[in-house]
Amino acid sequence: MSSAESSAQKSTANGPSIKHLTKARVISVCSPAATAQPLAGKSRFNNLPPSQSSPEETNQPHKNPRHETSSSSSSSTSLSSAPSAAAFVIANNEDLLTQILLYLPPKSLLRFQCVSKGWLSIISSPSFRSLHSRVYPTTTSSSAATKGLFLFRRRTWTDIPDLNFISFSEDYVNSMGNIVCHLSNYGKFTDIHSCNGLLALAFMLDDYAREFVVCNPTTRQHRLVPRLDFQEGGREFLALNIVFDPLKSEHYKLVCAWCEQEMITNNFGQLVPSDFHGFSVYASEKGSWRDSEDILEMEDLYLPNYFRNGVLWNGNFHWVSDFEYCLCFDPDKEFFNLTMPLARWYFWSFGESGGCLYGIEINDPEAMLFDIFEMARDYSQWVLKCHVDLTPVTTLYPSMIDADCNPATDFRFNFHILYFLEDEKENRMRLLISLCGKIILYDINDKIVKELAEVVPKDTDGDWWDSCFRWRDTYRHMETLATL
């Protein structure tokens with residue numbers, strides 16, 4: 001385990017500890033007898049006998065070693081000056097160099113600032129970083145852009161933030177470990193939210209006041225946002241969300257949900273309490289907060305987790321309740337859109353992936369069959385994308401099913417679907433699943449399971465859910481050079 005990852009786990013000692021596997025086990029569930037598959041180096045000629053050559057080798061003409069040596073040396077001599085000449089032209093043409101750098105990942109660019117003063121000047125300039133944050137997401141696949149997920153549980157009884165992470169790539173574990181360790185040093189924060197590479201943190205100063213910080217985990221930049229005091233209006237803080245769409249603007253917005261209780265007269269002439277829900281919106285371009293004009297008067301919305309982990313899609317913010325209700329909020333016009341169709345029942349997972357707003361529902365609990373829906377662009381309906389049968393996965397992990405539950409009153413599943421990764425360019429769909437003690441990545445197309453990490457609960461006497469995360473605990477991490 002790396003020092004960064006170890007430090008991150010120590011900082012989240014009040015919650016479960018996540019240990020990323022240095023050599024992730026990859027298992028195929030295509031056949032009844034599942035077998036482990038290597039991560040890399042697979043070839044259709046790997047299983048040939050030692051005396052048998054591959055077709056590519058047998059079709060090559062016989063070469064005289066002496067002739068081959070002389071010809072290769074002469075060709076290398078004639079071409080040796082070509083790369084250096086091209087490199088010289090690029091290095092001395094700032095416009096051409098800038099165009100090339102725009103297509104490189106943010107993490108690589110931060111390292112390349114050390115190449116020369118000229119490279120540092122280009123990469124560190126606000127204009128380049130703003131342009132890169134618009135260009136880079138459109139040139140890389142959705143799955144490649146998503147580096148991992150922050151995992152955050154809200155525990156008000158402890159002073160230590162319950163922050164952790166899961167990385168989709170072994171090569172990125174140390175980077176995310178460093179980020180989590182850095183964020184944990186900020187102090188006790190009660191809420192987080194991420195959007196397109198930026199992260200927002202909420203700090204509780206007292207029962208009514210909140211202070212906020214927006215940071216870019218990739219560049220380690222952060223900015224303090226003016227505090228909000230809810231005491232004067234008698235409001236209760238519910239959740240914090242951040243809106244950042246680099247394709248539309250280099251600026252970001254914070255959307256703070258709150259609840260206010262007033263006494264109203266019902267149909268019988270009685271004074272009864274009623275809950276009003278609204279938003280305060282902070283615009284980084286203006287540097288100030290303002291209340292949205294729309295107010296919701298709906299008692300069913302009073303759920304502490306309802307307005308957390310909003311999903312930005314189609315220019316709007318989206319929330320779903322535990323059962324059926326969907327809410328859409330326009331952060332630019334600052335009003336609610338209540339025309340979203342309801343879910344059929346219960347969303348097992350909800351989010352955005354591959355440019356689509358998705359929801360995952362249970363089709364048949366007995367058959368372990370799930371339906372993945374995506375929202376129509378005009379919000380007219382939820383469209384069925386595909387069926388997913390997780391029965392083969394349960395053969396590997398029988399603990400996914402609770403054999404002692406009462407099907408009439410309880411869920412029989414001892415797992416949660418954290419995230420759906422879709423990459424239309426690669427025709428690839430995967431599910432991130434949290435089991436009791438493990439987090440796995442299931443490739444729907446190839447029927448392959450990759451074990452990413454082990455989860456060890458702090459309380460060994462606790463229930464299974466103490467080592468199992470839910471989709472509401474997840475916040476997507478992407479790299480960006482966006483400035484604050």
# chains A, B, ... in the order shown; residues from 1 in each chain; ligands from 1
>>> residues_around(residues="range 254-261 of chain A", least_positions_apart="4", cutoff="6 Å", atoms="only C-alpha atoms", output="MDAnalysis selection string")
chainID A and resid 235:242 274:282
>>> select_by_dssp(residues="range 121-295 of chain A", states="alpha helix (DSSP H)", output="PDB file with N, CA, C and O atoms, in the first residue's frame")
ATOM      1  N   SER A 121       5.009  28.654 -19.126  1.00  0.00           N
ATOM      2  CA  SER A 121       4.237  29.847 -19.447  1.00  0.00           C
ATOM      3  C   SER A 121       2.934  29.492 -20.166  1.00  0.00           C
ATOM      4  O   SER A 121       1.875  30.069 -19.880  1.00  0.00           O
ATOM      5  N   ILE A 122       3.012  28.522 -21.079  1.00  0.00           N
ATOM      6  CA  ILE A 122       1.817  28.127 -21.836  1.00  0.00           C
ATOM      7  C   ILE A 122       0.820  27.400 -20.940  1.00  0.00           C
ATOM      8  O   ILE A 122      -0.358  27.755 -20.861  1.00  0.00           O
ATOM      9  N   ILE A 123       1.287  26.371 -20.246  1.00  0.00           N
ATOM     10  CA  ILE A 123       0.388  25.487 -19.490  1.00  0.00           C
ATOM     11  C   ILE A 123      -0.228  26.194 -18.291  1.00  0.00           C
ATOM     12  O   ILE A 123      -1.368  25.913 -17.909  1.00  0.00           O
ATOM     13  N   SER A 124       0.501  27.113 -17.669  1.00  0.00           N
ATOM     14  CA  SER A 124      -0.007  27.788 -16.473  1.00  0.00           C
ATOM     15  C   SER A 124      -0.886  28.987 -16.781  1.00  0.00           C
ATOM     16  O   SER A 124      -1.508  29.547 -15.866  1.00  0.00           O
ATOM     17  N   PRO A 126      -4.030  31.201 -17.657  1.00  0.00           N
ATOM     18  CA  PRO A 126      -5.474  30.993 -17.497  1.00  0.00           C
ATOM     19  C   PRO A 126      -6.196  30.754 -18.822  1.00  0.00           C
ATOM     20  O   PRO A 126      -7.145  29.976 -18.874  1.00  0.00           O
ATOM     21  N   SER A 127      -5.724  31.409 -19.904  1.00  0.00           N
ATOM     22  CA  SER A 127      -6.394  31.238 -21.192  1.00  0.00           C
ATOM     23  C   SER A 127      -6.224  29.811 -21.706  1.00  0.00           C
ATOM     24  O   SER A 127      -7.174  29.207 -22.232  1.00  0.00           O
ATOM     25  N   PHE A 128      -5.013  29.241 -21.548  1.00  0.00           N
ATOM     26  CA  PHE A 128      -4.792  27.856 -21.987  1.00  0.00           C
ATOM     27  C   PHE A 128      -5.609  26.891 -21.143  1.00  0.00           C
ATOM     28  O   PHE A 128      -6.224  25.959 -21.669  1.00  0.00           O
ATOM     29  N   ARG A 129      -5.634  27.098 -19.842  1.00  0.00           N
ATOM     30  CA  ARG A 129      -6.361  26.180 -18.960  1.00  0.00           C
ATOM     31  C   ARG A 129      -7.862  26.246 -19.210  1.00  0.00           C
ATOM     32  O   ARG A 129      -8.552  25.226 -19.133  1.00  0.00           O
ATOM     33  N   SER A 130      -8.370  27.412 -19.497  1.00  0.00           N
ATOM     34  CA  SER A 130      -9.787  27.538 -19.816  1.00  0.00           C
ATOM     35  C   SER A 130     -10.111  26.819 -21.116  1.00  0.00           C
ATOM     36  O   SER A 130     -11.123  26.113 -21.222  1.00  0.00           O
ATOM     37  N   LEU A 131      -9.236  26.992 -22.120  1.00  0.00           N
ATOM     38  CA  LEU A 131      -9.439  26.331 -23.405  1.00  0.00           C
ATOM     39  C   LEU A 131      -9.300  24.816 -23.271  1.00  0.00           C
ATOM     40  O   LEU A 131     -10.069  24.051 -23.857  1.00  0.00           O
ATOM     41  N   HIS A 132      -8.325  24.374 -22.480  1.00  0.00           N
ATOM     42  CA  HIS A 132      -8.119  22.935 -22.291  1.00  0.00           C
ATOM     43  C   HIS A 132      -9.310  22.283 -21.605  1.00  0.00           C
ATOM     44  O   HIS A 132      -9.703  21.155 -21.941  1.00  0.00           O
ATOM     45  N   SER A 133      -9.905  22.968 -20.641  1.00  0.00           N
ATOM     46  CA  SER A 133     -11.058  22.398 -19.929  1.00  0.00           C
ATOM     47  C   SER A 133     -12.268  22.245 -20.838  1.00  0.00           C
ATOM     48  O   SER A 133     -13.162  21.453 -20.544  1.00  0.00           O
ATOM     49  N   ARG A 134     -12.276  23.005 -21.963  1.00  0.00           N
ATOM     50  CA  ARG A 134     -13.363  22.855 -22.933  1.00  0.00           C
ATOM     51  C   ARG A 134     -13.033  21.798 -23.986  1.00  0.00           C
ATOM     52  O   ARG A 134     -13.911  21.066 -24.432  1.00  0.00           O
ATOM     53  N   VAL A 135     -11.755  21.705 -24.377  1.00  0.00           N
ATOM     54  CA  VAL A 135     -11.367  20.810 -25.467  1.00  0.00           C
ATOM     55  C   VAL A 135     -11.176  19.384 -24.995  1.00  0.00           C
ATOM     56  O   VAL A 135     -11.665  18.435 -25.611  1.00  0.00           O
ATOM     57  N   TYR A 136     -10.470  19.198 -23.881  1.00  0.00           N
ATOM     58  CA  TYR A 136     -10.064  17.858 -23.472  1.00  0.00           C
ATOM     59  C   TYR A 136     -11.239  16.897 -23.228  1.00  0.00           C
ATOM     60  O   TYR A 136     -11.182  15.743 -23.660  1.00  0.00           O
ATOM     61  N   PRO A 137     -12.321  17.314 -22.546  1.00  0.00           N
ATOM     62  CA  PRO A 137     -13.416  16.353 -22.322  1.00  0.00           C
ATOM     63  C   PRO A 137     -14.049  15.835 -23.603  1.00  0.00           C
ATOM     64  O   PRO A 137     -14.618  14.746 -23.623  1.00  0.00           O
ATOM     65  N   THR A 138     -13.980  16.596 -24.690  1.00  0.00           N
ATOM     66  CA  THR A 138     -14.608  16.179 -25.944  1.00  0.00           C
ATOM     67  C   THR A 138     -13.712  15.270 -26.768  1.00  0.00           C
ATOM     68  O   THR A 138     -14.166  14.689 -27.754  1.00  0.00           O
ATOM     69  N   THR A 139     -12.437  15.152 -26.382  1.00  0.00           N
ATOM     70  CA  THR A 139     -11.507  14.350 -27.170  1.00  0.00           C
ATOM     71  C   THR A 139     -11.157  13.027 -26.503  1.00  0.00           C
ATOM     72  O   THR A 139     -10.390  12.245 -27.047  1.00  0.00           O
ATOM     73  N   SER A 142     -15.722   8.776 -22.331  1.00  0.00           N
ATOM     74  CA  SER A 142     -16.342   9.039 -21.038  1.00  0.00           C
ATOM     75  C   SER A 142     -15.732   8.185 -19.943  1.00  0.00           C
ATOM     76  O   SER A 142     -15.474   8.658 -18.839  1.00  0.00           O
ATOM     77  N   SER A 143     -15.478   6.902 -20.244  1.00  0.00           N
ATOM     78  CA  SER A 143     -14.928   6.020 -19.226  1.00  0.00           C
ATOM     79  C   SER A 143     -13.489   6.392 -18.889  1.00  0.00           C
ATOM     80  O   SER A 143     -13.051   6.288 -17.742  1.00  0.00           O
ATOM     81  N   ALA A 144     -12.717   6.834 -19.889  1.00  0.00           N
ATOM     82  CA  ALA A 144     -11.329   7.227 -19.636  1.00  0.00           C
ATOM     83  C   ALA A 144     -11.256   8.522 -18.848  1.00  0.00           C
ATOM     84  O   ALA A 144     -10.345   8.715 -18.036  1.00  0.00           O
ATOM     85  N   ALA A 145     -12.198   9.426 -19.064  1.00  0.00           N
ATOM     86  CA  ALA A 145     -12.202  10.703 -18.351  1.00  0.00           C
ATOM     87  C   ALA A 145     -12.545  10.526 -16.880  1.00  0.00           C
ATOM     88  O   ALA A 145     -12.082  11.276 -16.029  1.00  0.00           O
ATOM     89  N   VAL A 173      -4.380   4.981  -8.318  1.00  0.00           N
ATOM     90  CA  VAL A 173      -4.672   4.816  -6.889  1.00  0.00           C
ATOM     91  C   VAL A 173      -3.890   5.823  -6.053  1.00  0.00           C
ATOM     92  O   VAL A 173      -4.448   6.482  -5.162  1.00  0.00           O
ATOM     93  N   ASN A 174      -2.589   5.960  -6.320  1.00  0.00           N
ATOM     94  CA  ASN A 174      -1.771   6.897  -5.541  1.00  0.00           C
ATOM     95  C   ASN A 174      -2.243   8.330  -5.711  1.00  0.00           C
ATOM     96  O   ASN A 174      -2.244   9.117  -4.755  1.00  0.00           O
ATOM     97  N   SER A 175      -2.635   8.700  -6.934  1.00  0.00           N
ATOM     98  CA  SER A 175      -3.093  10.075  -7.184  1.00  0.00           C
ATOM     99  C   SER A 175      -4.349  10.389  -6.377  1.00  0.00           C
ATOM    100  O   SER A 175      -4.441  11.444  -5.741  1.00  0.00           O
ATOM    101  N   MET A 176      -5.321   9.470  -6.393  1.00  0.00           N
ATOM    102  CA  MET A 176      -6.547   9.717  -5.632  1.00  0.00           C
ATOM    103  C   MET A 176      -6.298   9.650  -4.135  1.00  0.00           C
ATOM    104  O   MET A 176      -6.935  10.357  -3.347  1.00  0.00           O
ATOM    105  N   GLY A 177      -5.358   8.795  -3.727  1.00  0.00           N
ATOM    106  CA  GLY A 177      -5.002   8.752  -2.313  1.00  0.00           C
ATOM    107  C   GLY A 177      -4.428  10.074  -1.841  1.00  0.00           C
ATOM    108  O   GLY A 177      -4.742  10.549  -0.740  1.00  0.00           O
ATOM    109  N   ASN A 178      -3.589  10.692  -2.660  1.00  0.00           N
ATOM    110  CA  ASN A 178      -3.028  12.006  -2.323  1.00  0.00           C
ATOM    111  C   ASN A 178      -4.119  13.074  -2.251  1.00  0.00           C
ATOM    112  O   ASN A 178      -4.093  13.953  -1.390  1.00  0.00           O
ATOM    113  N   ILE A 179      -5.070  13.004  -3.165  1.00  0.00           N
ATOM    114  CA  ILE A 179      -6.155  13.986  -3.181  1.00  0.00           C
ATOM    115  C   ILE A 179      -6.998  13.873  -1.919  1.00  0.00           C
ATOM    116  O   ILE A 179      -7.322  14.877  -1.265  1.00  0.00           O
ATOM    117  N   VAL A 180      -7.381  12.650  -1.552  1.00  0.00           N
ATOM    118  CA  VAL A 180      -8.214  12.440  -0.363  1.00  0.00           C
ATOM    119  C   VAL A 180      -7.475  12.882   0.893  1.00  0.00           C
ATOM    120  O   VAL A 180      -8.053  13.510   1.798  1.00  0.00           O
ATOM    121  N   CYS A 181      -6.189  12.575   0.959  1.00  0.00           N
ATOM    122  CA  CYS A 181      -5.390  13.003   2.113  1.00  0.00           C
ATOM    123  C   CYS A 181      -5.360  14.524   2.202  1.00  0.00           C
ATOM    124  O   CYS A 181      -5.474  15.100   3.290  1.00  0.00           O
ATOM    125  N   HIS A 182      -5.213  15.183   1.064  1.00  0.00           N
ATOM    126  CA  HIS A 182      -5.182  16.650   1.032  1.00  0.00           C
ATOM    127  C   HIS A 182      -6.532  17.238   1.450  1.00  0.00           C
ATOM    128  O   HIS A 182      -6.589  18.192   2.233  1.00  0.00           O
ATOM    129  N   LEU A 183      -7.634  16.669   0.959  1.00  0.00           N
ATOM    130  CA  LEU A 183      -8.958  17.183   1.297  1.00  0.00           C
ATOM    131  C   LEU A 183      -9.280  16.987   2.772  1.00  0.00           C
ATOM    132  O   LEU A 183      -9.930  17.830   3.403  1.00  0.00           O
ATOM    133  N   SER A 184      -8.822  15.879   3.331  1.00  0.00           N
ATOM    134  CA  SER A 184      -9.112  15.601   4.736  1.00  0.00           C
ATOM    135  C   SER A 184      -8.430  16.597   5.663  1.00  0.00           C
ATOM    136  O   SER A 184      -8.859  16.796   6.802  1.00  0.00           O
TER     137      SER A 184
END
>>> residues_around(residues="Pro398 in chain A", least_positions_apart="3", cutoff="12 Å", atoms="only C-alpha atoms", output="tab-separated table (two decimals) with N, CA, C and O atoms, in the first residue's frame")
chain	number	residue	atom	x	y	z
A	390	LEU	N	-27.59	-10.27	-13.30
A	390	LEU	CA	-26.46	-10.41	-12.39
A	390	LEU	C	-26.37	-11.80	-11.76
A	390	LEU	O	-25.54	-12.01	-10.86
A	391	THR	N	-27.19	-12.73	-12.24
A	391	THR	CA	-27.14	-14.10	-11.70
A	391	THR	C	-25.76	-14.71	-11.80
A	391	THR	O	-25.28	-15.33	-10.83
A	392	PRO	N	-25.05	-14.57	-12.95
A	392	PRO	CA	-23.70	-15.16	-13.01
A	392	PRO	C	-22.74	-14.59	-11.97
A	392	PRO	O	-21.86	-15.29	-11.48
A	393	VAL	N	-22.94	-13.32	-11.60
A	393	VAL	CA	-22.05	-12.71	-10.60
A	393	VAL	C	-22.31	-13.30	-9.22
A	393	VAL	O	-21.39	-13.47	-8.42
A	394	THR	N	-23.57	-13.65	-8.94
A	394	THR	CA	-23.90	-14.22	-7.63
A	394	THR	C	-23.31	-15.61	-7.46
A	394	THR	O	-23.16	-16.08	-6.33
A	395	THR	N	-22.98	-16.30	-8.55
A	395	THR	CA	-22.31	-17.59	-8.42
A	395	THR	C	-20.90	-17.42	-7.87
A	395	THR	O	-20.38	-18.31	-7.20
A	401	ILE	N	-26.80	-12.33	-2.07
A	401	ILE	CA	-28.21	-12.64	-1.83
A	401	ILE	C	-28.39	-13.01	-0.37
A	401	ILE	O	-27.67	-13.85	0.18
A	402	ASP	N	-29.37	-12.38	0.28
A	402	ASP	CA	-29.69	-12.68	1.67
A	402	ASP	C	-30.70	-13.82	1.70
A	402	ASP	O	-31.89	-13.63	1.42
A	403	ALA	N	-30.23	-15.01	2.03
A	403	ALA	CA	-31.10	-16.19	2.01
A	403	ALA	C	-32.10	-16.19	3.14
A	403	ALA	O	-33.11	-16.90	3.08
A	412	ARG	N	-33.82	-8.68	-0.87
A	412	ARG	CA	-32.99	-9.88	-0.72
A	412	ARG	C	-31.56	-9.64	-1.17
A	412	ARG	O	-30.76	-10.56	-1.24
A	413	PHE	N	-31.22	-8.37	-1.48
A	413	PHE	CA	-29.90	-8.07	-2.03
A	413	PHE	C	-28.97	-7.53	-0.96
A	413	PHE	O	-29.32	-6.58	-0.25
A	414	ASN	N	-27.80	-8.09	-0.87
A	414	ASN	CA	-26.75	-7.58	0.01
A	414	ASN	C	-25.66	-6.89	-0.82
A	414	ASN	O	-24.48	-7.15	-0.66
A	415	PHE	N	-26.08	-6.02	-1.71
A	415	PHE	CA	-25.13	-5.27	-2.53
A	415	PHE	C	-25.82	-4.02	-3.04
A	415	PHE	O	-27.04	-3.88	-2.96
A	435	LEU	N	-20.13	-4.78	-2.73
A	435	LEU	CA	-20.55	-5.98	-2.03
A	435	LEU	C	-20.14	-5.88	-0.57
A	435	LEU	O	-19.50	-4.91	-0.15
A	436	CYS	N	-20.47	-6.89	0.18
A	436	CYS	CA	-20.01	-6.96	1.56
A	436	CYS	C	-18.52	-7.27	1.56
A	436	CYS	O	-18.10	-8.40	1.28
>>> closest_residue(among="A:Cys356, A:Ala202, A:Val225, A:Ala85", to="Asn314 in chain A", atoms="only C-alpha atoms")
A:Cys356
>>> residues_around(residues="Ile417 in chain A", least_positions_apart="5", cutoff="8 Å", atoms="only C-alpha atoms", output="ChimeraX atom specification")
/A:348-349,431-434,470-471
>>> decode(residues="range 372-399 of chain A", atoms="C-alpha atoms", output="tab-separated table (two decimals), in the first residue's frame")
chain	number	residue	atom	x	y	z
A	372	ILE	CA	-31.08	0.33	-17.26
A	373	PHE	CA	-33.13	3.30	-18.49
A	374	GLU	CA	-32.01	6.58	-20.02
A	375	MET	CA	-33.97	9.80	-20.10
A	376	ALA	CA	-35.14	11.12	-23.47
A	377	ARG	CA	-33.53	14.44	-24.34
A	378	ASP	CA	-36.96	16.14	-24.36
A	379	TYR	CA	-37.85	14.63	-20.95
A	380	SER	CA	-40.82	12.81	-22.47
A	381	GLN	CA	-40.02	9.34	-21.08
A	382	TRP	CA	-37.55	6.91	-19.61
A	383	VAL	CA	-36.29	4.71	-22.47
A	384	LEU	CA	-35.18	1.14	-21.79
A	385	LYS	CA	-31.52	0.81	-22.72
A	386	CYS	CA	-30.80	-2.80	-21.77
A	387	HIS	CA	-31.44	-5.65	-19.35
A	388	VAL	CA	-28.67	-6.81	-17.05
A	389	ASP	CA	-28.71	-10.26	-15.46
A	390	LEU	CA	-26.46	-10.41	-12.39
A	391	THR	CA	-27.14	-14.10	-11.70
A	392	PRO	CA	-23.70	-15.16	-13.01
A	393	VAL	CA	-22.05	-12.71	-10.60
A	394	THR	CA	-23.90	-14.22	-7.63
A	395	THR	CA	-22.31	-17.59	-8.42
A	396	LEU	CA	-18.97	-15.98	-7.62
A	397	TYR	CA	-20.29	-14.06	-4.62
A	398	PRO	CA	-23.20	-15.95	-2.97
A	399	SER	CA	-23.31	-13.39	-0.15
